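Asker: Encoded as structure tokens, here's the structure I'll be asking about.
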Number of protein chains: 2
Amino acid sequence: MRNIRLTIRYDGTNYSGWQYQDNARTVQHVIARTLKGIVGRKVNLIGSGRTDSGVHAEAQIANFKTHSTLPLKRIQAALNSRLPKDIVITDIRHVPLRFDSRHDAKSKLYRYTIVNGNFIDPFLRHFAAKYFYRLDVKPMAKAAKRLIGRHDFRAFQAKDGQEKESIRTIRRINVAKKANMIYIYIEADGFLYNMARNIVGTLIEVGRGKITAESVSGILRCKDRRLCGPTAPAKGLTLVRVRY
Amino acid sequence: MRNIRLTIRYDGTNYSGWQYQDNARTVQHVIARTLKGIVGRKVNLIGSGRTDSGVHAEAQIANFKTHSTLPLKRIQAALNSRLPKDIVITDIRHVPLRFDSRHDAKSKLYRYTIVNGNFIDPFLRHFAAKYFYRLDVKPMAKAAKRLIGRHDFRAFQAKDGQEKESIRTIRRINVAKKANMIYIYIEADGFLYNMARNIVGTLIEVGRGKITAESVSGILRCKDRRLCGPTAPAKGLTLVRVRY
């Protein structure tokens with residue numbers, strides 16, 4: 001028995017997210033189905049966590065166990081030749097049998113990309129969200145600082161979020177502006193459902209001057225979803241890295 | 001009467017190129033149809049030149065004359081809100097009535113993007129061509145030098161190219177490697193049908209060691225299409241800039 005770890009890069013535009021769902025095309029489903037055809041048996045493909053419909057990944061991590069004796073390079077080449085072109089396996093390696101992509105993940109880094117201007121570059125239209133109103137990044141960075149650390153992020157969880165335990169630790173949030181692009185990096189030990197996009201939506205409200213940077217601490221404390229900003233569009237979000 | 005110049009950025013993936021064609025969706029057609037709805041009359045939209053099906057543009061130039069008195073910014077905003085998201089008008093300005101995007105173009109710069117490796121980044125899959133065989137850029141750059149200057153480029157013209165006059169001047173060709181990406185920039189006073197892609201196809205043959213850098217001069221001299229390399233895929237080609 002071998003435990004094999006995959007690094008997966010995908011354009012999530014045409015998928016209903018990472019995770020298996022009935023009657024939906026998901027990244028996990030497409031890879032697991034393709035793997036079955038290569039190693040000859042159904043595999044249990046464990047991802048580091050789900051990404052929402054339309055969210056992208058530069059390096060999602062997943063693992064599966066198999067009795068197949070195919071060399072790693074052969075499995076990778078077969079996957080890449082059979083998978084649709086919007087999913088690529090960029091790395092493949094053996095890991096100890098006890099390794100579990102989901103439970104062993106120490107932190108995840110997401111990047112959110114905003115085009116702050118009149119129009120969105122057609123080459124970025126699936127990978128960034130456009131905001132017409134001028135956003136001021138200084139208060140956004142100030143508000144972001146208030147979210148760093150160990151907090152109950154219930155206010156930033158989707159209404160239908162199923163996690164009972166809503167305490168997470170955000171290690172860092174960076175807000176960077178480059179010409180008319182704004183990049184928000186968020187690294188945390190874990191993310192509640194829609195948490196990254198709700199944080200971005202809230203920071204955008206701060207950037208527009210609708211709420212103050214200081215009020216973000218209050219939103220955290222009240223644990224009330226209605227106080228935080230709207231969920232930012234999925235297409236602007238990319239899973240950059242998973243740390244183990 | 002005003003003469004209005006547009007700078008147009010487009011992802012050519014879902015278009016049959018720039019130029020009008022019966023029963024095909026082209027960039028020129030989509031913009032002209034949208035403009036008609038804005039300025040109230042059919043316009044004659046003149047582009048700097050055609051781009052092939054699947055070829056992209058960072059800054060295609062086109063102009064049209066109109067009696068409309070709408071402010072430029074209104075025309076641009078209306079175009080960008082009505083055009084499909086893979087076409088964006090990045091600049092709009094008045095030009096003298098005698099300005100003609102096609103005839104006044106002094107030079108065009110194209111970039112060809114190659115992924116030289118086992119797999120193509122899913123985020124680049126519509127904007128680069130993959131070559132599995134290792135390409136050596138040194139002889140490619142050497143071969144490119146032999147094409148610079150004023151030559152008869154008949155050998156690099158598509159078989160069904162309709163230009164009677166096949167003498168063109170290439171001002172520069174740069175071949176640059178960055179990790180596993182190869183970028184080929186070609187600037188010329190004009191391009192025959194498929195000329196840029198046939199030059200790239202020939203440079204790739206040189207990079208693979210199938211033909212020598214020196215033999216490229218012979219291909220030019222013989223004016224025989226069969227001697228040059230295969231036409232490189234359209235999706236790797238982008239019109240970067242038009243000079244006037």
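Every chain in the structure tokens has a letter given in the order shown (A, B, ...), and although residue numbers restart at 1 in each chain, ligands are simply numbered from 1 in the order shown.
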For chain B, list the residues within 9 Å of chain A, counting only C-alpha atoms, and write the list as a list of chain:residue names.
Answerer: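 Using only C-alpha atoms, chain B residues at most 9 Å from chain A: B:Arg9, B:Tyr10, B:Asp11, B:Ala77, B:Asn80, B:Ser81, B:Lys85, B:Asp86, B:Ile87, B:Val88, B:Ile89, B:Thr90, B:Asn118, B:Phe119, B:Ile120, B:Asp121, B:Pro122, B:Phe123, B:Arg125, B:Phe127.
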Asker: Using C-alpha atoms, can you write the selected residues to a file as a compact mmCIF listing (two decimals), in the first residue's frame?
Answerer:
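So the final result, stored in selection_31.txt, reads:
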```txt
# COMPACT_ATOMS: atom_id res chain seq x y z
CA ARG B 9 -7.89 44.43 -25.50
CA TYR B 10 -9.35 41.02 -26.17
CA ASP B 11 -9.16 37.38 -25.30
CA ALA B 77 -18.45 53.31 -20.80
CA ASN B 80 -17.54 48.34 -21.95
CA SER B 81 -20.87 47.74 -20.27
CA LYS B 85 -16.35 40.53 -20.97
CA ASP B 86 -13.61 39.15 -23.25
CA ILE B 87 -13.41 42.47 -25.14
CA VAL B 88 -12.51 45.72 -23.38
CA ILE B 89 -11.99 49.24 -24.73
CA THR B 90 -8.98 50.46 -22.75
CA ASN B 118 5.42 18.55 -19.46
CA PHE B 119 2.24 20.44 -18.70
CA ILE B 120 0.74 23.83 -19.28
CA ASP B 121 -0.36 26.07 -16.45
CA PRO B 122 -4.19 25.91 -16.46
CA PHE B 123 -4.27 29.69 -16.07
CA ARG B 125 -3.95 27.34 -21.35
CA PHE B 127 -2.63 32.06 -24.03
```
Asker: In segment 66-201 of chain A, what's alpha helix (DSSP H) per DSSP? Answer as a PyMOL selection string?
Answerer: chain A and resi 72-82+137-145+195-201
Asker: Near segment 21-26 of chain B, within 10 Å and counting only C-alpha atoms, which residues show up once chain neighbours fewer than 4 positions away are dropped, as a PDB file with C-alpha atoms, in the first residue's frame?
Answerer:
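This is the output file out.pdb:
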```pdb
ATOM      1  CA  GLY B  12      -9.534  35.897 -28.784  1.00  0.00           C
ATOM      2  CA  ASN B  14     -14.013  32.506 -28.451  1.00  0.00           C
ATOM      3  CA  TYR B  15     -13.746  34.511 -31.673  1.00  0.00           C
ATOM      4  CA  SER B  16     -13.088  33.663 -35.312  1.00  0.00           C
ATOM      5  CA  GLY B  17     -10.451  36.372 -35.341  1.00  0.00           C
ATOM      6  CA  VAL B  30     -19.210  42.364 -32.178  1.00  0.00           C
ATOM      7  CA  ILE B  31     -17.739  45.846 -31.594  1.00  0.00           C
ATOM      8  CA  THR B  51      -5.798  38.750 -36.130  1.00  0.00           C
ATOM      9  CA  ASP B  52      -6.488  35.062 -36.740  1.00  0.00           C
ATOM     10  CA  SER B  53      -9.055  32.939 -34.990  1.00  0.00           C
TER      11      SER B  53
END
```
Asker: Neighbours of Gly236 of chain B within 12 Å (only C-alpha atoms; same-chain residues fewer than 3 positions away dropped), as a count of residues only?
Answerer: 37
Asker: Write out as number ranges by chain the residues lying within 9 Å of segment 133-149 of chain A, counting only C-alpha atoms and excluding same-chain residues fewer than 3 positions away.
Answerer: A: 116-118, 153, 168-177, 182, 188, 199, 202-209, 212-217, 220
Asker: One decimal, in Å: what's the spacing between atom CA of Ser68 of chain A and atom CA of His94 of chain A?
Answerer: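 Distance reported for this atom pair: 12.7 Å.
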Asker: Find the residues near Lys108 of chain B: any atom within 6 Å, counting only C-alpha atoms, skip ones fewer than 3 places away on the same chain, and give them as number ranges by chain.
Answerer: B: 187-188, 241-242
Asker: With only C-alpha atoms as the basis for distance, which of B:Gly218, B:Pro96, B:Pro230, B:Gly190 is at the shortest distance from Arg243 of chain B?
Answerer: B:Gly190
Asker: Can you tell me, as a ChimeraX atom specification, which residues in segment 4-202 of chain A count as strand (DSSP E or B) by DSSP?
Answerer: /A:4-10,46-47,56-66,87-95,107-115,129-130,149-152,167-178,181-188
Asker: With distances taken over only C-alpha atoms, which of B:Ile92, B:Val27, B:His67, B:Gln157 is nearest to Arg41 of chain B?
Answerer: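 Of B:Ile92, B:Val27, B:His67, B:Gln157, the one nearest Arg41 of chain B is B:His67, counting only C-alpha atoms.
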